[in-house]
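Quick notes on the structure that follows.
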Amino acid sequence: MTTQLIDTFNRKITYLRMSVTDRCDFRCVYCMDEKMTFLPRAQLLTLEELAWLGRAFVELGVTKIRLTGGEPLVRKNIVQLFEELGQLPGLRELVLTTNGSQLSRFAHALRAAGVKRINISLDTLDPERFRQISRTGQLEQVLQGIEAARMAGFNRIKLNAVILKHRNHQEVVDLVQFAIDRGLDISFIEEMPLGETGRDRAEAFYSSEEIRRDLERQFTLVPTTETTEGPSRYYQIMHCQTRVGFISPHSHNFCDTCNRVRITTEGQLLLCLGQEHAVDLRRIIRAHPGEMGPLKQAIIKAMSIKPQSHSFHPGEQKIMRYMNVTGG
Ligand code: SAM
Ligand code: SF4
């Protein structure tokens, strides 16, 4: 099916990212404030509403859905949602971004539900540093989760690392070696200015270029034209299976080829991660229960306000939404 979702810059929207909960068992320094207050439950989309939305988007031509959060795997009965979405005809890829803490429990069920690829966040291999960055997480639990995912037989596992100067920038080579040793891919992410975290983001900025230079002292990186329909630019590590991606919202604007939209935990359709353009789909679903028509019309109409690009600058605090609500 060709997508019915085309914006005013002629970009085809085929990829939906849904934040299925704003809650999380970690409080990563770049994502949340130490004392976060979470949304009242009535404001969150129910699992049924999330499934309904997923169906509407797939019927309109979306072929890839990523569930993210917050931490998707802390939402009660979340596997049911994966199972429902996994059965939608037309959906080619159902994927997940997770902090890995619950994967030992869920990896097999997710694989059985039709999840083929999975992204696991891992910023450091040092237990003490892991504790400092995540505030409440334990490295060992995540490493066990990564092993469980490897055993469950996903087609591809990718690690995601947000790199902050003086916190974990000195570990980029070790992180790539960890990925190589286990046949995984890895992407490095520049920090984005979403939500007030009480930190100076400009001071912690470490660019993809700097990371690439650090890696090239140790590895040979061969540029590839490969894409996973996401914003990463990929390099193959010579003589290895591992690919290294760079997600560089500051230093490399990837908006020209943007093919995605997001649903926040509260059912706002976000047309761009770095802008405030949004449409309240929860209101439409609740005003027209069981009716696909009004929902699909609202989604199609929303394409006309998708902005051309984001405009992030290091240190600039522009978007008040936190990443966990938005869905990273
Ligand atoms: N809890 C899951 C996790 O950590 O993978 C999924 C949600 S998290 C918001 C998704 C991704 O966004 C993670 O890889 C995380 O490291 C990244 N992230 C969070 N806040 C960020 C920020 N301010 N800038 C860049 N990436 C961020
Ligand atoms: Fe939780 Fe993921 Fe945000 Fe860390 S990045 S606080 S794991 S939602």
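A note on labels: chains of the structure tokens are A, B, ... as shown, every chain counts residues from 1, and ligands are counted from 1 in their shown order.
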Requested in this report: Tell me which protein, DNA and RNA residues are within 9 Å of His108 in chain A, counting only C-alpha atoms, leaving out same-chain ones fewer than 4 positions away, and put them as a VMD selection string.
Outcome: chain A and resid 103 to 104 112 to 113 148 to 149 151 to 153
Prev. selection, N, CA and C atoms, output as a PDB file, in the first residue's frame:
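The resulting file, selection.pdb, is shown below:
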ATOM      1  N   LEU A 103      14.354  -6.729  30.212  1.00  0.00           N
ATOM      2  CA  LEU A 103      14.420  -7.639  29.061  1.00  0.00           C
ATOM      3  C   LEU A 103      14.586  -9.094  29.453  1.00  0.00           C
ATOM      4  N   SER A 104      15.226  -9.340  30.598  1.00  0.00           N
ATOM      5  CA  SER A 104      15.385 -10.747  31.011  1.00  0.00           C
ATOM      6  C   SER A 104      14.013 -11.393  31.108  1.00  0.00           C
ATOM      7  N   ALA A 112       8.262 -13.442  20.245  1.00  0.00           N
ATOM      8  CA  ALA A 112       7.112 -14.246  19.818  1.00  0.00           C
ATOM      9  C   ALA A 112       5.984 -13.346  19.302  1.00  0.00           C
ATOM     10  N   ALA A 113       5.899 -12.123  19.807  1.00  0.00           N
ATOM     11  CA  ALA A 113       4.836 -11.201  19.379  1.00  0.00           C
ATOM     12  C   ALA A 113       5.138 -10.570  18.018  1.00  0.00           C
ATOM     13  N   ALA A 148      19.767 -11.687  27.355  1.00  0.00           N
ATOM     14  CA  ALA A 148      18.463 -12.332  27.126  1.00  0.00           C
ATOM     15  C   ALA A 148      17.974 -12.006  25.710  1.00  0.00           C
ATOM     16  N   ALA A 149      18.186 -10.792  25.270  1.00  0.00           N
ATOM     17  CA  ALA A 149      17.761 -10.400  23.918  1.00  0.00           C
ATOM     18  C   ALA A 149      18.561 -11.182  22.880  1.00  0.00           C
ATOM     19  N   MET A 151      19.806 -14.123  23.204  1.00  0.00           N
ATOM     20  CA  MET A 151      19.327 -15.512  23.222  1.00  0.00           C
ATOM     21  C   MET A 151      17.956 -15.634  22.546  1.00  0.00           C
ATOM     22  N   ALA A 152      17.157 -14.569  22.607  1.00  0.00           N
ATOM     23  CA  ALA A 152      15.787 -14.630  22.072  1.00  0.00           C
ATOM     24  C   ALA A 152      15.761 -14.611  20.546  1.00  0.00           C
ATOM     25  N   GLY A 153      16.893 -14.267  19.916  1.00  0.00           N
ATOM     26  CA  GLY A 153      16.991 -14.389  18.464  1.00  0.00           C
ATOM     27  C   GLY A 153      16.394 -13.234  17.670  1.00  0.00           C
TER      28      GLY A 153
END
Check which residues of chain A sit at most 8 Å from ligand 2 using only C-alpha atoms and all ligand atoms, and return one row each with the closest pair of atoms and their distance in Å to one decimal, ordered by chain and rising number, as a tab-separated table.
residue	atom	partner	partner_atom_place_in_ligand_line	distance
A:Asp22	CA	ligand 2	8 (S)	7.3
A:Arg23	CA	ligand 2	8 (S)	7.3
A:Cys24	CA	ligand 2	1 (Fe)	4.7
A:Asp25	CA	ligand 2	1 (Fe)	6.3
A:Phe26	CA	ligand 2	1 (Fe)	4.7
A:Arg27	CA	ligand 2	6 (S)	4.0
A:Cys28	CA	ligand 2	6 (S)	4.1
A:Val29	CA	ligand 2	6 (S)	7.3
A:Tyr30	CA	ligand 2	5 (S)	7.2
A:Cys31	CA	ligand 2	3 (Fe)	4.6
A:Met32	CA	ligand 2	6 (S)	5.7
A:Gly69	CA	ligand 2	8 (S)	5.5
A:Gly70	CA	ligand 2	8 (S)	3.6
A:Glu71	CA	ligand 2	8 (S)	5.1
A:Thr98	CA	ligand 2	2 (Fe)	6.7
A:Asn99	CA	ligand 2	7 (S)	4.8
A:Ser121	CA	ligand 2	7 (S)	7.4
A:Ser134	CA	ligand 2	4 (Fe)	6.1
A:Met323	CA	ligand 2	3 (Fe)	6.5
A:Asn324	CA	ligand 2	8 (S)	4.7
A:Gly327	CA	ligand 2	8 (S)	7.8
A:Gly328	CA	ligand 2	5 (S)	7.5
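By only C-alpha atoms, and with residues fewer than 2 positions from Glu266 in chain A along its chain excluded, the set lying at most 9 Å from it is Ser19, Val20, Thr21, Leu39, Gln43, Leu44, Leu45, Ile263, Thr264, Gln268, Asp280, Leu281, Arg282 and Val325 of chain A.
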Could you dump the residues just selected with C-alpha atoms as a PDB file, in the first residue's frame?
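What landed in part28.pdb:
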ATOM      1  CA  SER A  19       5.402   6.704  23.674  1.00  0.00           C
ATOM      2  CA  VAL A  20       3.433   4.099  25.589  1.00  0.00           C
ATOM      3  CA  THR A  21       4.180   5.433  29.071  1.00  0.00           C
ATOM      4  CA  LEU A  39       1.043  12.334  34.351  1.00  0.00           C
ATOM      5  CA  GLN A  43      -4.445  11.384  30.827  1.00  0.00           C
ATOM      6  CA  LEU A  44      -2.515   8.459  29.370  1.00  0.00           C
ATOM      7  CA  LEU A  45      -3.819   6.602  26.369  1.00  0.00           C
ATOM      8  CA  ILE A 263       2.390   9.992  19.442  1.00  0.00           C
ATOM      9  CA  THR A 264       2.966  11.237  22.970  1.00  0.00           C
ATOM     10  CA  GLN A 268      -0.805  14.200  21.006  1.00  0.00           C
ATOM     11  CA  ASP A 280      -4.799  16.122  19.995  1.00  0.00           C
ATOM     12  CA  LEU A 281      -5.804  12.653  18.790  1.00  0.00           C
ATOM     13  CA  ARG A 282      -6.938  11.477  22.241  1.00  0.00           C
ATOM     14  CA  VAL A 325       6.583  11.903  27.247  1.00  0.00           C
TER      15      VAL A 325
END
Report task. As a PyMOL selection string, list the residues of range 36-190 of chain A assigned to alpha helix (DSSP H) by DSSP on the backbone atoms of this structure. Result -> chain A and resi 47-59+78-86+103-112+127-134+139-152+172-182
Report task. Could you tell me which of A:Ile237, A:Val173, A:Val222, A:Ala204 comes closest to Asp185 in chain A if we count only C-alpha atoms? Result -> A:Ile237
Query raised in the report: When distances are computed from only C-alpha atoms and all ligand atoms, which of A:Cys272, A:Ile247, A:Val279, A:Leu125 shows the smallest separation from ligand 1?
Result: A:Ile247
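Comparing A:Arg131, A:His288, A:Arg66, A:Arg182 by their smallest distance to ligand 1, the closest is A:Arg66 (using only C-alpha atoms and all ligand atoms).
Coordinates place atom 7 (C, counted along the ligand's line) of ligand 1 at a distance of 16.1 Å from CA of Glu34 in chain A.
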Query raised in the report: How far is it from CA of Leu94 in chain A to CA of Val115 in chain A, in Å with one decimal?
Result: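 So the answer is 5.2 Å.
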Using only C-alpha atoms, what does the table of range 61-138 of chain A residues within 6 Å of range 155-163 of chain A look like, with each row giving the shortest atom pair and its distance in Å to one decimal, sorted by chain and ascending number, as CSV?
residue,atom,partner,partner_atom,distance
A:Lys116,CA,A:Asn155,CA,5.5
A:Arg117,CA,A:Arg156,CA,5.0
A:Ile118,CA,A:Ile157,CA,5.1
A:Asn119,CA,A:Lys158,CA,4.7
A:Ile120,CA,A:Leu159,CA,4.8
A:Ser121,CA,A:Asn160,CA,4.5
A:Leu122,CA,A:Ala161,CA,5.3
A:Asp123,CA,A:Ala161,CA,4.4
Report task. Within range 59-226 of chain A, find each residue whose DSSP state, derived from the backbone, is strand (DSSP E or B), and express the selection as an MDAnalysis selection string. Result -> chainID A and resid 64:68 93:98 117:121 156:162 164 185:189 194 205 221:223
